[in-house]
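Only one structure is covered here, and it is reproduced in the block below.
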Amino acid sequence: MQSTLDVINTIGVYSVIPAIPLVLLSVIFGLVLHNTLISRLDPLLFKEPYFHKKELNTYVVWPLTMLKTVGYILLVTFPKLAKWKRFKGFSGTLPVGKSLIALCYIELALLFMVMLTAVIMMITGMLSVLLS
Amino acid sequence: MNHSVTSPETDTVVHRIRPGDTLSAIVKRYYGPVSPQRQQELIQQIVASNRSAKNASTIYADQLLKLEVPQQYCAAPKGFPHHFSASDDWFITLNDHWTSASPAEREVTSLLTPLIMGGSSAKLAALDRTFKQNAPLLREMVENYESYKGGDLTKGQYDYRRRKLVSQLSQKLGPTQWLLNGTSDLSEVLRISRNAETKPVSPLKQQAKKLANASRLASAGGIVLTAVSLKMACDQIAEAESGKEKSGILVETVTAATVGLGATTGISIAVALAATPVGWVASLVIATGVAAVSYASGRAARHMYDSLGNPVDLSGATGVSALCSNKEKPKSGRLVAPGLSMRL
């Protein structure tokens, strides 16, 4: 039991090492994408029917405005998925270059890894408290 | 300013234009926040009903304008929400709770307000608006005092107006008045100074400045609070005596931040895909939930680090220890944010 607990504690604690660059990079890239995408895509997409009337009022305020950016990132990277409900019926061309598309993929990968690390941290933390 | 009732819904107000006044500012003052279209309509209405104003760009200081304003502007009843939109029900509820709460309950609410602000920075735009719109009441208080000293108002008139303004301000600020006065009586804070070394109205001007600072802080929202919490963690790492203690703080902070970001990302993707509007209440619940989970994860990570027999010095290995070195100790208490000292 003690050795299992040691393994859990070691995994939980050392997951901090990849978490530091992941969080830093995802926040920096996220802010860059947020500022770029809202200026390019808002005139095209930030309106009904893609956003609810209530969202048009609330998604202009930080941090809720980031929800809009996540939607735009998904539209750039996984258009079919994003058009499934949110951007239903949108058929225009997005005014984003190849570098911006690449940055969207990188950001999504970083966020996915952050989520994975967060899940590992939560599970190990919970197990450590329960087992000790 | 003269008032004469013209209909059950509106009053006629004669407004004397002061240097720096604009028609849009006057509209905002009397009608509250309105859409740009409504603002233009009201400006056209003012120009049309005042011969002296030929168009929206020709007004001058001391010019008198006749304005049809909502009657509530003159005597705001309890809970009157003219400076809130329909989506601000949360604030009215909170305000009702505040006005009916006991002093002990108010103490708790005033301590919880920063948490609510931190947990739901989306609300901060509404708070920002609240502060900006109530700052004129403080200015009016200063003007009344100057009129009283100049002999234009009797002491009775001045006292009546002051009481009315304090009551209005107290009602409109609701729980957010803790930023001005903590839990003391607002009328004690908004007083005329008897100190010969300071100007009589300086306490009022200080409070107006405090409101402006709080408003700036509110608009910066979560960014300021995040920066404040990171700065606090950095200070704690700098002040920690052992490498193990420093690493423990680092593990706790990074875990809490990672879990917070991870949970927020997951929720954001779900919301973006599901096309479900997030209301104020939902955002408050989500923010509180994320804050609770990330805090608990941070504490659990600290427990894990402390349980490790011979842990590596993570703060030294990652360079955080050098980054947060204590070059200069602060002379006095920690400054949380300009104009706002937070009780923790």
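Residues in the structure tokens are numbered from 1 in each chain, the chains being A, B, ... in the order shown, and ligands are numbered from 1 in the order shown.
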Handout entry: Within 10 Å of segment 90-93 of chain A using only C-alpha atoms, minus same-chain residues under 6 positions, as number ranges by chain
Key = A: 44-45, 49-50, 79, 82-83
Exercise for the section: Step one, run DSSP on the backbone; step two, keep only residues of chain A assigned to helix (DSSP H, G or I); then write them as JSON, numbers by chain. Expected result: {"A": [2, 3, 4, 5, 6, 7, 8, 9, 10, 11, 12, 13, 14, 16, 17, 18, 19, 20, 21, 22, 23, 24, 25, 26, 27, 28, 29, 30, 31, 32, 33, 34, 35, 36, 37, 38, 39, 40, 41, 42, 43, 44, 45, 53, 54, 55, 56, 57, 58, 65, 66, 67, 68, 69, 70, 71, 72, 73, 74, 75, 76, 77, 79, 80, 81, 82, 83, 84, 98, 99, 100, 101, 102, 103, 104, 105, 106, 107, 108, 109, 110, 111, 112, 113, 114, 115, 116, 117, 118, 119, 120, 121, 122, 123, 124, 125, 126, 127, 128, 129, 130, 131]}
Practice task
Write out as a ChimeraX atom specification each polymer residue whose atoms come within 10 Å of Lys244 of chain B, counting only C-alpha atoms; drop sequence neighbours fewer than 6 positions from it.
Solution key: /B:250,305-306,310-316
Can you spit out the residues from that selection as a short mmCIF file (atom, residue, chain, number, x, y, z; two decimals), in the first residue's frame, using C-alpha atoms?
data_model
loop_
_atom_site.label_atom_id
_atom_site.label_comp_id
_atom_site.auth_asym_id
_atom_site.auth_seq_id
_atom_site.Cartn_x
_atom_site.Cartn_y
_atom_site.Cartn_z
CA LEU B 250 5.17 26.09 -6.01
CA TYR B 305 4.60 16.82 -1.82
CA ASP B 306 4.85 16.82 1.98
CA ASN B 310 13.02 12.87 -0.11
CA PRO B 311 11.51 15.24 -2.66
CA VAL B 312 13.51 17.13 -5.26
CA ASP B 313 13.86 20.92 -4.91
CA LEU B 314 11.38 21.82 -7.66
CA SER B 315 11.53 25.58 -7.07
CA GLY B 316 15.30 25.57 -7.56
#
Select residues of chain A: the criterion is any atom within 7 Å of an atom of chain B, counting only C-alpha atoms; output as a tab-separated table (two decimals) with N, CA and C atoms, in the first residue's frame.
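To be explicit, this is the file written out as result33.tsv:
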chain	number	residue	atom	x	y	z
A	6	ASP	N	3.33	5.96	-2.70
A	6	ASP	CA	4.53	6.69	-3.13
A	6	ASP	C	4.51	6.95	-4.63
A	9	ASN	N	1.94	9.67	-5.29
A	9	ASN	CA	2.46	10.99	-4.87
A	9	ASN	C	3.53	11.49	-5.85
A	12	GLY	N	1.83	12.64	-9.07
A	12	GLY	CA	1.12	13.91	-8.83
A	12	GLY	C	2.06	15.09	-8.71
A	13	VAL	N	3.13	14.92	-7.94
A	13	VAL	CA	4.05	16.05	-7.71
A	13	VAL	C	4.85	16.38	-8.98
A	16	VAL	N	3.83	18.58	-12.07
A	16	VAL	CA	3.99	20.04	-12.02
A	16	VAL	C	5.03	20.50	-13.06
A	19	ALA	N	3.56	20.90	-16.34
A	19	ALA	CA	2.44	21.85	-16.24
A	19	ALA	C	2.89	23.30	-16.38
A	20	ILE	N	4.08	23.64	-15.85
A	20	ILE	CA	4.52	25.04	-15.88
A	20	ILE	C	4.64	25.57	-17.32
A	23	VAL	N	1.07	25.58	-19.14
A	23	VAL	CA	0.17	26.67	-18.74
A	23	VAL	C	0.66	28.00	-19.33
A	52	HIS	N	-26.45	33.45	-29.41
A	52	HIS	CA	-27.74	33.84	-28.83
A	52	HIS	C	-27.68	35.33	-28.45
A	54	LYS	N	-28.46	36.77	-25.79
A	54	LYS	CA	-27.88	36.91	-24.45
A	54	LYS	C	-26.35	36.84	-24.53
A	55	GLU	N	-25.86	35.95	-25.39
A	55	GLU	CA	-24.41	35.80	-25.54
A	55	GLU	C	-23.79	37.04	-26.18
A	61	VAL	N	-17.47	40.68	-22.40
A	61	VAL	CA	-16.84	40.96	-21.11
A	61	VAL	C	-15.84	39.86	-20.77
A	62	TRP	N	-14.66	40.27	-20.30
A	62	TRP	CA	-13.67	39.31	-19.86
A	62	TRP	C	-14.14	38.65	-18.57
A	63	PRO	N	-14.02	37.37	-18.34
A	63	PRO	CA	-13.38	36.35	-19.18
A	63	PRO	C	-14.34	35.60	-20.09
A	64	LEU	N	-15.65	35.97	-20.06
A	64	LEU	CA	-16.61	35.23	-20.89
A	64	LEU	C	-16.28	35.36	-22.37
A	67	LEU	N	-14.81	32.43	-24.18
A	67	LEU	CA	-15.66	31.35	-24.67
A	67	LEU	C	-15.86	31.49	-26.18
A	70	VAL	N	-12.69	30.36	-27.94
A	70	VAL	CA	-12.59	28.89	-28.02
A	70	VAL	C	-13.47	28.39	-29.16
A	71	GLY	N	-14.65	28.99	-29.31
A	71	GLY	CA	-15.54	28.63	-30.42
A	71	GLY	C	-14.87	28.88	-31.76
A	82	ALA	N	-17.59	22.24	-35.14
A	82	ALA	CA	-18.07	23.56	-34.73
A	82	ALA	C	-19.37	23.94	-35.43
A	85	LYS	N	-23.48	22.50	-34.18
A	85	LYS	CA	-24.55	23.23	-33.47
A	85	LYS	C	-24.30	24.74	-33.47
A	86	ARG	N	-23.05	25.14	-33.11
A	86	ARG	CA	-22.78	26.56	-32.91
A	86	ARG	C	-22.84	27.38	-34.21
A	111	LEU	N	-3.94	23.04	-24.92
A	111	LEU	CA	-5.08	23.00	-23.99
A	111	LEU	C	-5.47	21.58	-23.67
A	114	VAL	N	-3.02	20.39	-21.19
A	114	VAL	CA	-3.30	21.01	-19.87
A	114	VAL	C	-4.46	20.26	-19.20
A	115	MET	N	-5.49	19.97	-19.98
A	115	MET	CA	-6.64	19.25	-19.42
A	115	MET	C	-6.23	17.87	-18.91
A	118	ALA	N	-4.30	18.26	-15.80
A	118	ALA	CA	-5.22	18.62	-14.71
A	118	ALA	C	-5.95	17.38	-14.20
A	121	MET	N	-3.56	15.38	-12.14
A	121	MET	CA	-3.37	16.04	-10.84
A	121	MET	C	-4.55	15.79	-9.91
A	122	MET	N	-5.77	15.92	-10.48
A	122	MET	CA	-6.97	15.74	-9.64
A	122	MET	C	-7.08	14.31	-9.14
A	125	GLY	N	-4.27	13.45	-6.63
A	125	GLY	CA	-4.53	14.18	-5.38
A	125	GLY	C	-5.62	13.52	-4.58
A	126	MET	N	-6.69	13.15	-5.30
A	126	MET	CA	-7.84	12.52	-4.63
A	126	MET	C	-7.43	11.16	-4.04
A	128	SER	N	-4.42	10.15	-3.29
A	128	SER	CA	-3.44	10.32	-2.21
A	128	SER	C	-4.12	10.64	-0.89
A	129	VAL	N	-5.12	11.53	-0.95
A	129	VAL	CA	-5.84	11.91	0.28
A	129	VAL	C	-6.64	10.71	0.81
Considering only C-alpha atoms, give me a table of residues in segment 16-65 of chain A that are at most 9 Å from segment 97-105 of chain A, with the closest atom pair and distance in Å for each, as CSV.
residue,atom,partner,partner_atom,distance
A:Phe29,CA,A:Leu103,CA,7.5
A:Gly30,CA,A:Cys104,CA,8.7
A:Leu33,CA,A:Cys104,CA,7.3
A:Thr36,CA,A:Leu100,CA,8.7
A:Leu37,CA,A:Leu100,CA,8.8
Residues near Leu108 of chain A, anyone? I mean within 9 Å using only C-alpha atoms, not counting same-chain ones fewer than 5 positions away, as a compact mmCIF listing (two decimals) with C-alpha atoms, in the first residue's frame.
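Ended up saving to part07.txt:
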# COMPACT_ATOMS: atom_id res chain seq x y z
CA SER A 26 -1.24 28.05 -23.61
CA VAL A 70 -12.59 28.89 -28.02
CA ILE A 73 -10.49 28.09 -32.53
CA LEU A 74 -12.75 25.05 -32.89
CA THR A 77 -9.42 23.46 -36.44
CA LEU A 103 -1.29 28.44 -34.08
CA MET A 113 -2.43 18.54 -22.65
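The coordinates place atom CA of Glu146 of chain B at 12.8 Å from atom CA of Asp159 of chain B.
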Exercise for the section: Report the distance between atom CA of Leu81 of chain A and atom CA of Ile106 of chain A in Å, rounded to one decimal place. Expected result: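 Answer for the atom CA of Leu81 of chain A to atom CA of Ile106 of chain A separation: 17.7 Å.
Computed from the coordinates, the atom CA of Val27 of chain B to atom CA of Asn57 of chain A distance equals 21.6 Å.
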